[in-house]
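I have placed the structure first, in the form of structure tokens, so that the comments after it can refer back to it.
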Amino acid sequence: MTQSLKLYVRTADQTRRAELDLDSASTGADIIQAAVDNWALPADTDYTLVNTTTGRALAPGDDLAKGVRPGDMLEVQPVLVAG
Amino acid sequence: MLDSRRAQRYRRHDLIDWFSQEQVSAARVAVIGAGAVGNEVVKNLALLGCGTIDVFDFDTVELHNLTRSILLRESDAGRNKAEAVAERARDIDPHVAVRAVPGDFWDTLSLGRLQQYDCAVAAVDNFEARLRLNQLCLIARVDMVNAGLDSRWAAVESFPFGASGATACYECTLPESAYARVAERYSCGGLRRRASLERRIPTTAVTASVAGALAASTALRLGGEAPSQAQRRLLDTIGGAGSAVAIGRRGGCPGCGTFERPPLVVRIRNRWTTLHGDAGSAGTAVGDQPLQLSDALITGYECAACGPLAEAMQYVNRRATTFDDAIATCPRCTAPAVRIEIRDTFTVAELVSRFGSGRVPAKFALAEINGGAVCFDLEETPGS
């Protein structure tokens, strides 16, 4: 059974931040896509999501119920590929 | 004990209570990629007195590399990067054994060789190479440190495969978009796409030095015990902010989810008429179960309009990644009508019938035997 989750999302540079009310069945990938769309993040970059409250990275396909609690701060981080 | 000249060189290190020069001098590190980050990693490892550093790269030095590559000079243009970097690193400290390994690491770094290192550093510039090194380190149970950067951020991830068979891997948090980028460069069968554009990601010497320093420190486990779980650190080289998070294992991960625990690695001669005997002696007899090869092979090549083609001999039983999608155009009728069959899973009987007593062009083969995963290392050591 899904429930509503109130949480916070920000970019890694902390220039963008939002308070969200989401269904716990939403996935990390959903949040990343919303961040890219709403904040016009560079589309040629790949992103991952970390829970800064728990200090754990979130698997992209996992739903939020797995690793997020109400009030947690999630951060959208770039996946860096250059070397 | 270090000799007196070496002891003098490292005297300042001895003042650091958490620093063990003996431990650092005994470390063996493979650095995959001799670009901006690879230069910084090798420089730091050499300055610290790391015992053995092997540098792998197929690429040659270009002038635009020089703004970010501390060990390269203008006179190196056109040289193999690994050779140029290794030469300069030997100048830094002649006591450090630095070897260059030119060529694609997929061809030059066998599982057996990888198992001789304490750590492999991924200083490469694309997802494919990271996915491949992740797979090798996971199977070989060798720690992997992954470094990446752009023009602002530096990221270093550590995957302590050597410490735990249950640690998360590079793919555990990799988004679907990364696989989509790999698919832009390769067809689903593994042929390279001619039309794909290589992404050029701008980086600076600043982000390269931050990523390289942190990667070298992580590879040598400076300042502490080996971590028991995978970690990612992300640093903002402009604002100075940073974060460190743990990476948990993902259920159904396409990388580590393949095995419940790392496979047993069995080295065999890559001669398929003898597989039963060699593998059997290791207690891992192979019957009719499928073997998944590390590399997809072209198994069929026929034009839908013209039928069988003599050119098939050039392609069949070779690695698909050797070729690009131009081979889908029929050399006889010039229509893009060639049906190319590509597979990575075979039975032993099929391999024997295809290759006879010849080598199979793959690094390794995975099989499920008696409920456990077994990896047959197919790469032969010189003289075998």
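Labels for the structure tokens follow display order: chains A, B, ..., residues from 1 in each chain, ligands from 1.
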Where does chain B meet chain A within 7 Å, residue by residue, with the nearest atom pair and distance in Å to one decimal for each, counting only C-alpha atoms, listed by chain and rising number, as a tab-separated table?
```
residue	atom	partner	partner_atom	distance
B:Gly35	CA	A:Gly83	CA	6.3
B:Ala36	CA	A:Gly83	CA	6.1
B:Val37	CA	A:Gly83	CA	5.3
B:Ala123	CA	A:Gly83	CA	5.1
B:Val124	CA	A:Gly83	CA	4.9
B:Asp125	CA	A:Ala82	CA	4.3
B:Asn126	CA	A:Val81	CA	5.6
B:Phe127	CA	A:Val81	CA	6.6
B:Ala147	CA	A:Gly83	CA	6.8
B:Gly148	CA	A:Leu80	CA	4.7
B:Leu149	CA	A:Leu80	CA	5.1
B:Asp150	CA	A:Ala82	CA	6.2
B:Ala155	CA	A:Leu80	CA	6.7
B:Cys172	CA	A:Ala59	CA	6.3
B:Thr173	CA	A:Ala59	CA	4.8
B:Pro175	CA	A:Pro60	CA	5.7
B:Ser177	CA	A:Asp46	CA	6.3
B:Ala178	CA	A:Asp46	CA	6.5
B:Ile201	CA	A:Ala82	CA	6.2
B:Ala244	CA	A:Gly55	CA	6.9
B:Val245	CA	A:Gly55	CA	4.6
B:Ala246	CA	A:Arg56	CA	4.7
B:Ile247	CA	A:Ala57	CA	5.2
B:Arg250	CA	A:Ala59	CA	6.2
```
I need the chosen residues saved as a PDB file, in the first residue's frame, with N, CA and C atoms.
```
ATOM      1  N   GLY B  35      44.666   9.349 -18.922  1.00  0.00           N
ATOM      2  CA  GLY B  35      44.227  10.693 -19.275  1.00  0.00           C
ATOM      3  C   GLY B  35      44.467  11.629 -18.096  1.00  0.00           C
ATOM      4  N   ALA B  36      43.611  12.637 -17.972  1.00  0.00           N
ATOM      5  CA  ALA B  36      43.811  13.660 -16.939  1.00  0.00           C
ATOM      6  C   ALA B  36      43.844  13.046 -15.544  1.00  0.00           C
ATOM      7  N   VAL B  37      42.832  12.259 -15.209  1.00  0.00           N
ATOM      8  CA  VAL B  37      42.787  11.653 -13.867  1.00  0.00           C
ATOM      9  C   VAL B  37      43.887  10.612 -13.701  1.00  0.00           C
ATOM     10  N   ALA B 123      40.220   5.150 -14.354  1.00  0.00           N
ATOM     11  CA  ALA B 123      40.443   6.554 -14.712  1.00  0.00           C
ATOM     12  C   ALA B 123      40.122   6.716 -16.197  1.00  0.00           C
ATOM     13  N   VAL B 124      39.081   6.060 -16.616  1.00  0.00           N
ATOM     14  CA  VAL B 124      38.684   6.022 -18.019  1.00  0.00           C
ATOM     15  C   VAL B 124      37.663   7.120 -18.302  1.00  0.00           C
ATOM     16  N   ASP B 125      37.227   7.237 -19.560  1.00  0.00           N
ATOM     17  CA  ASP B 125      36.366   8.370 -19.897  1.00  0.00           C
ATOM     18  C   ASP B 125      35.030   7.953 -20.508  1.00  0.00           C
ATOM     19  N   ASN B 126      34.600   6.732 -20.238  1.00  0.00           N
ATOM     20  CA  ASN B 126      33.317   6.306 -20.801  1.00  0.00           C
ATOM     21  C   ASN B 126      32.694   5.207 -19.945  1.00  0.00           C
ATOM     22  N   PHE B 127      31.388   5.028 -20.134  1.00  0.00           N
ATOM     23  CA  PHE B 127      30.662   4.034 -19.336  1.00  0.00           C
ATOM     24  C   PHE B 127      31.078   2.608 -19.678  1.00  0.00           C
ATOM     25  N   ALA B 147      37.024   6.925 -10.592  1.00  0.00           N
ATOM     26  CA  ALA B 147      37.130   8.383 -10.522  1.00  0.00           C
ATOM     27  C   ALA B 147      36.495   8.995 -11.758  1.00  0.00           C
ATOM     28  N   GLY B 148      35.740  10.068 -11.557  1.00  0.00           N
ATOM     29  CA  GLY B 148      35.111  10.763 -12.668  1.00  0.00           C
ATOM     30  C   GLY B 148      35.086  12.250 -12.390  1.00  0.00           C
ATOM     31  N   LEU B 149      34.932  13.031 -13.438  1.00  0.00           N
ATOM     32  CA  LEU B 149      34.949  14.477 -13.243  1.00  0.00           C
ATOM     33  C   LEU B 149      34.245  15.179 -14.390  1.00  0.00           C
ATOM     34  N   ASP B 150      33.955  16.452 -14.173  1.00  0.00           N
ATOM     35  CA  ASP B 150      33.563  17.334 -15.277  1.00  0.00           C
ATOM     36  C   ASP B 150      34.291  18.648 -15.041  1.00  0.00           C
ATOM     37  N   ALA B 155      34.319  13.128  -8.546  1.00  0.00           N
ATOM     38  CA  ALA B 155      33.677  12.030  -7.810  1.00  0.00           C
ATOM     39  C   ALA B 155      34.628  10.849  -7.723  1.00  0.00           C
ATOM     40  N   CYS B 172      25.208  -0.690  -9.341  1.00  0.00           N
ATOM     41  CA  CYS B 172      24.099  -0.673  -8.379  1.00  0.00           C
ATOM     42  C   CYS B 172      23.344   0.653  -8.345  1.00  0.00           C
ATOM     43  N   THR B 173      24.014   1.760  -8.682  1.00  0.00           N
ATOM     44  CA  THR B 173      23.296   3.044  -8.719  1.00  0.00           C
ATOM     45  C   THR B 173      23.350   3.688 -10.097  1.00  0.00           C
ATOM     46  N   PRO B 175      22.174   4.921 -13.474  1.00  0.00           N
ATOM     47  CA  PRO B 175      20.828   5.148 -14.025  1.00  0.00           C
ATOM     48  C   PRO B 175      20.663   4.538 -15.415  1.00  0.00           C
ATOM     49  N   SER B 177      19.763   5.926 -17.999  1.00  0.00           N
ATOM     50  CA  SER B 177      20.265   6.821 -19.052  1.00  0.00           C
ATOM     51  C   SER B 177      21.706   6.476 -19.430  1.00  0.00           C
ATOM     52  N   ALA B 178      22.468   5.929 -18.481  1.00  0.00           N
ATOM     53  CA  ALA B 178      23.862   5.557 -18.790  1.00  0.00           C
ATOM     54  C   ALA B 178      23.886   4.390 -19.776  1.00  0.00           C
ATOM     55  N   ILE B 201      33.358  15.928 -22.926  1.00  0.00           N
ATOM     56  CA  ILE B 201      33.007  16.554 -21.651  1.00  0.00           C
ATOM     57  C   ILE B 201      34.174  17.421 -21.200  1.00  0.00           C
ATOM     58  N   ALA B 244      29.619  12.388   1.233  1.00  0.00           N
ATOM     59  CA  ALA B 244      30.054  10.991   1.199  1.00  0.00           C
ATOM     60  C   ALA B 244      28.845  10.140   1.540  1.00  0.00           C
ATOM     61  N   VAL B 245      28.529   9.205   0.671  1.00  0.00           N
ATOM     62  CA  VAL B 245      27.375   8.340   0.927  1.00  0.00           C
ATOM     63  C   VAL B 245      27.758   6.888   0.719  1.00  0.00           C
ATOM     64  N   ALA B 246      27.050   6.025   1.413  1.00  0.00           N
ATOM     65  CA  ALA B 246      27.238   4.587   1.237  1.00  0.00           C
ATOM     66  C   ALA B 246      26.398   4.122   0.056  1.00  0.00           C
ATOM     67  N   ILE B 247      26.925   3.154  -0.664  1.00  0.00           N
ATOM     68  CA  ILE B 247      26.179   2.575  -1.787  1.00  0.00           C
ATOM     69  C   ILE B 247      25.779   1.159  -1.398  1.00  0.00           C
ATOM     70  N   ARG B 250      22.039  -3.369  -4.965  1.00  0.00           N
ATOM     71  CA  ARG B 250      20.713  -3.291  -5.565  1.00  0.00           C
ATOM     72  C   ARG B 250      20.234  -4.685  -5.937  1.00  0.00           C
TER      73      ARG B 250
END
```
Within 6 Å of Leu71 in chain B, counting only C-alpha atoms, which residues show up once you throw out same-chain ones fewer than 3 positions away? Write them as a PyMOL selection string, please. chain B and resi 39+85+88
Those same residues, written as a tab-separated table (two decimals), in the first residue's frame with N, CA and C atoms?
```tsv
chain	number	residue	atom	x	y	z
B	39	ASN	N	46.80	10.54	-15.04
B	39	ASN	CA	48.06	11.26	-14.77
B	39	ASN	C	48.17	11.63	-13.30
B	85	VAL	N	53.37	8.35	-19.66
B	85	VAL	CA	53.09	8.57	-18.23
B	85	VAL	C	54.01	7.70	-17.37
B	88	ARG	N	57.57	9.17	-17.13
B	88	ARG	CA	57.69	10.34	-16.23
B	88	ARG	C	57.54	9.92	-14.77
```
How many Å lie between CA of Thr204 in chain B and CA of Tyr117 in chain B, rounded to one decimal?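 Atom-to-atom, CA of Thr204 in chain B and CA of Tyr117 in chain B are spaced 29.3 Å apart.
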Enter the distance from CA of Glu260 in chain B to CA of Asp30 in chain A, in Å, rounded to one decimal.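 Separating CA of Glu260 in chain B from CA of Asp30 in chain A is a distance of 28.5 Å.
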Contacts of Ser24 in chain A at 9 Å (only C-alpha atoms; same-chain gap of 4+ positions) as a ChimeraX atom specification: /A:1-5,63-66,68
Write the selection just made, keeping C-alpha atoms, as an mmCIF file, in the first residue's frame?
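Result file result33.cif:
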```
data_model
loop_
_atom_site.group_PDB
_atom_site.id
_atom_site.type_symbol
_atom_site.label_atom_id
_atom_site.label_comp_id
_atom_site.auth_asym_id
_atom_site.auth_seq_id
_atom_site.Cartn_x
_atom_site.Cartn_y
_atom_site.Cartn_z
ATOM 1 C CA MET A 1 0.000 0.000 0.000
ATOM 2 C CA THR A 2 1.391 3.363 -0.984
ATOM 3 C CA GLN A 3 1.363 6.489 1.139
ATOM 4 C CA SER A 4 2.172 10.121 0.732
ATOM 5 C CA LEU A 5 5.723 11.221 1.545
ATOM 6 C CA ASP A 63 10.570 3.118 -4.946
ATOM 7 C CA LEU A 64 10.908 5.738 -2.263
ATOM 8 C CA ALA A 65 9.318 3.524 0.367
ATOM 9 C CA LYS A 66 12.578 1.533 0.374
ATOM 10 C CA VAL A 68 13.236 7.466 2.284
#
```
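Residues surrounding Arg332 in chain B within 12 Å are Glu302, Cys303, Ala304, Ala305, Cys306, Gly307, Pro308, Leu309, Ala310, Glu311, Ile327, Ala328, Thr329, Ala335, Pro336, Ala337 and Val338 of chain B [only C-alpha atoms; sequence separation below 3 positions excluded].
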For N, CA and C atoms, I'd like the residues from the last selection saved as an mmCIF file, in the first residue's frame.
```
data_model
loop_
_atom_site.group_PDB
_atom_site.id
_atom_site.type_symbol
_atom_site.label_atom_id
_atom_site.label_comp_id
_atom_site.auth_asym_id
_atom_site.auth_seq_id
_atom_site.Cartn_x
_atom_site.Cartn_y
_atom_site.Cartn_z
ATOM 1 N N GLU B 302 24.703 -13.699 -43.367
ATOM 2 C CA GLU B 302 24.075 -14.117 -44.618
ATOM 3 C C GLU B 302 23.168 -13.007 -45.124
ATOM 4 N N CYS B 303 23.218 -12.743 -46.414
ATOM 5 C CA CYS B 303 22.377 -11.684 -46.979
ATOM 6 C C CYS B 303 20.967 -12.236 -47.221
ATOM 7 N N ALA B 304 19.962 -11.462 -46.836
ATOM 8 C CA ALA B 304 18.577 -11.903 -47.019
ATOM 9 C C ALA B 304 18.246 -12.066 -48.497
ATOM 10 N N ALA B 305 18.925 -11.291 -49.352
ATOM 11 C CA ALA B 305 18.641 -11.363 -50.799
ATOM 12 C C ALA B 305 19.590 -12.318 -51.521
ATOM 13 N N CYS B 306 20.869 -12.263 -51.203
ATOM 14 C CA CYS B 306 21.873 -13.032 -51.966
ATOM 15 C C CYS B 306 22.172 -14.408 -51.359
ATOM 16 N N GLY B 307 21.770 -14.624 -50.106
ATOM 17 C CA GLY B 307 22.069 -15.903 -49.463
ATOM 18 C C GLY B 307 23.447 -15.905 -48.829
ATOM 19 N N PRO B 308 24.043 -17.107 -48.676
ATOM 20 C CA PRO B 308 25.355 -17.194 -48.009
ATOM 21 C C PRO B 308 26.409 -16.365 -48.740
ATOM 22 N N LEU B 309 27.300 -15.755 -47.962
ATOM 23 C CA LEU B 309 28.325 -14.879 -48.521
ATOM 24 C C LEU B 309 29.716 -15.414 -48.173
ATOM 25 N N ALA B 310 30.614 -15.304 -49.136
ATOM 26 C CA ALA B 310 31.988 -15.749 -48.888
ATOM 27 C C ALA B 310 32.638 -14.906 -47.791
ATOM 28 N N GLU B 311 32.192 -13.642 -47.667
ATOM 29 C CA GLU B 311 32.776 -12.738 -46.680
ATOM 30 C C GLU B 311 32.518 -13.185 -45.245
ATOM 31 N N ILE B 327 29.179 -3.646 -41.672
ATOM 32 C CA ILE B 327 29.172 -5.011 -42.213
ATOM 33 C C ILE B 327 27.753 -5.528 -42.456
ATOM 34 N N ALA B 328 26.752 -4.712 -42.041
ATOM 35 C CA ALA B 328 25.368 -5.113 -42.327
ATOM 36 C C ALA B 328 24.991 -4.821 -43.774
ATOM 37 N N THR B 329 25.863 -4.119 -44.486
ATOM 38 C CA THR B 329 25.622 -3.860 -45.913
ATOM 39 C C THR B 329 26.216 -5.011 -46.734
ATOM 40 N N ALA B 335 22.858 -3.780 -50.519
ATOM 41 C CA ALA B 335 21.682 -3.434 -49.707
ATOM 42 C C ALA B 335 21.997 -3.721 -48.236
ATOM 43 N N PRO B 336 21.405 -2.947 -47.331
ATOM 44 C CA PRO B 336 21.638 -3.216 -45.900
ATOM 45 C C PRO B 336 20.802 -4.401 -45.442
ATOM 46 N N ALA B 337 21.087 -5.545 -46.047
ATOM 47 C CA ALA B 337 20.198 -6.699 -45.875
ATOM 48 C C ALA B 337 20.890 -7.909 -45.261
ATOM 49 N N VAL B 338 22.089 -7.697 -44.712
ATOM 50 C CA VAL B 338 22.789 -8.848 -44.134
ATOM 51 C C VAL B 338 22.202 -9.170 -42.763
#
```
Extract, using only C-alpha atoms, all DNA, RNA and protein residues at most 9 Å from Phe355 in chain B, discarding same-chain residues fewer than 3 positions from it, and format them as a VMD selection string. chain B and resid 271 to 272 317 350 to 352 358 to 360
As number ranges by chain, which residues of range 2-82 of chain A does DSSP assign to strand (DSSP E)? A: 4-11, 17-23, 46-51, 56-58, 73-79
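Our summary of the geometry notes that CA of Ala166 in chain B is positioned 7.6 Å from CA of Arg249 in chain B.
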Extract the full set of alpha helix (DSSP H) residues from range 85-328 of chain B according to DSSP on the backbone, and format it as an MDAnalysis selection string. chainID B and resid 85:92 105:108 111:114 127:140 176:185 205:219 275:281 312:315
Contacts of Thr237 in chain B at 9 Å (only C-alpha atoms; same-chain gap of 6+ positions) as a PyMOL selection string: chain B and resi 151-154+206-207+210
Measuring between only C-alpha atoms, which one of A:Thr15, A:Met73, A:Ser26, A:Ala40 shows the shortest distance to Gly239 in chain B?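 Between A:Thr15, A:Met73, A:Ser26, A:Ala40, the residue approaching Gly239 in chain B most closely is A:Thr15.
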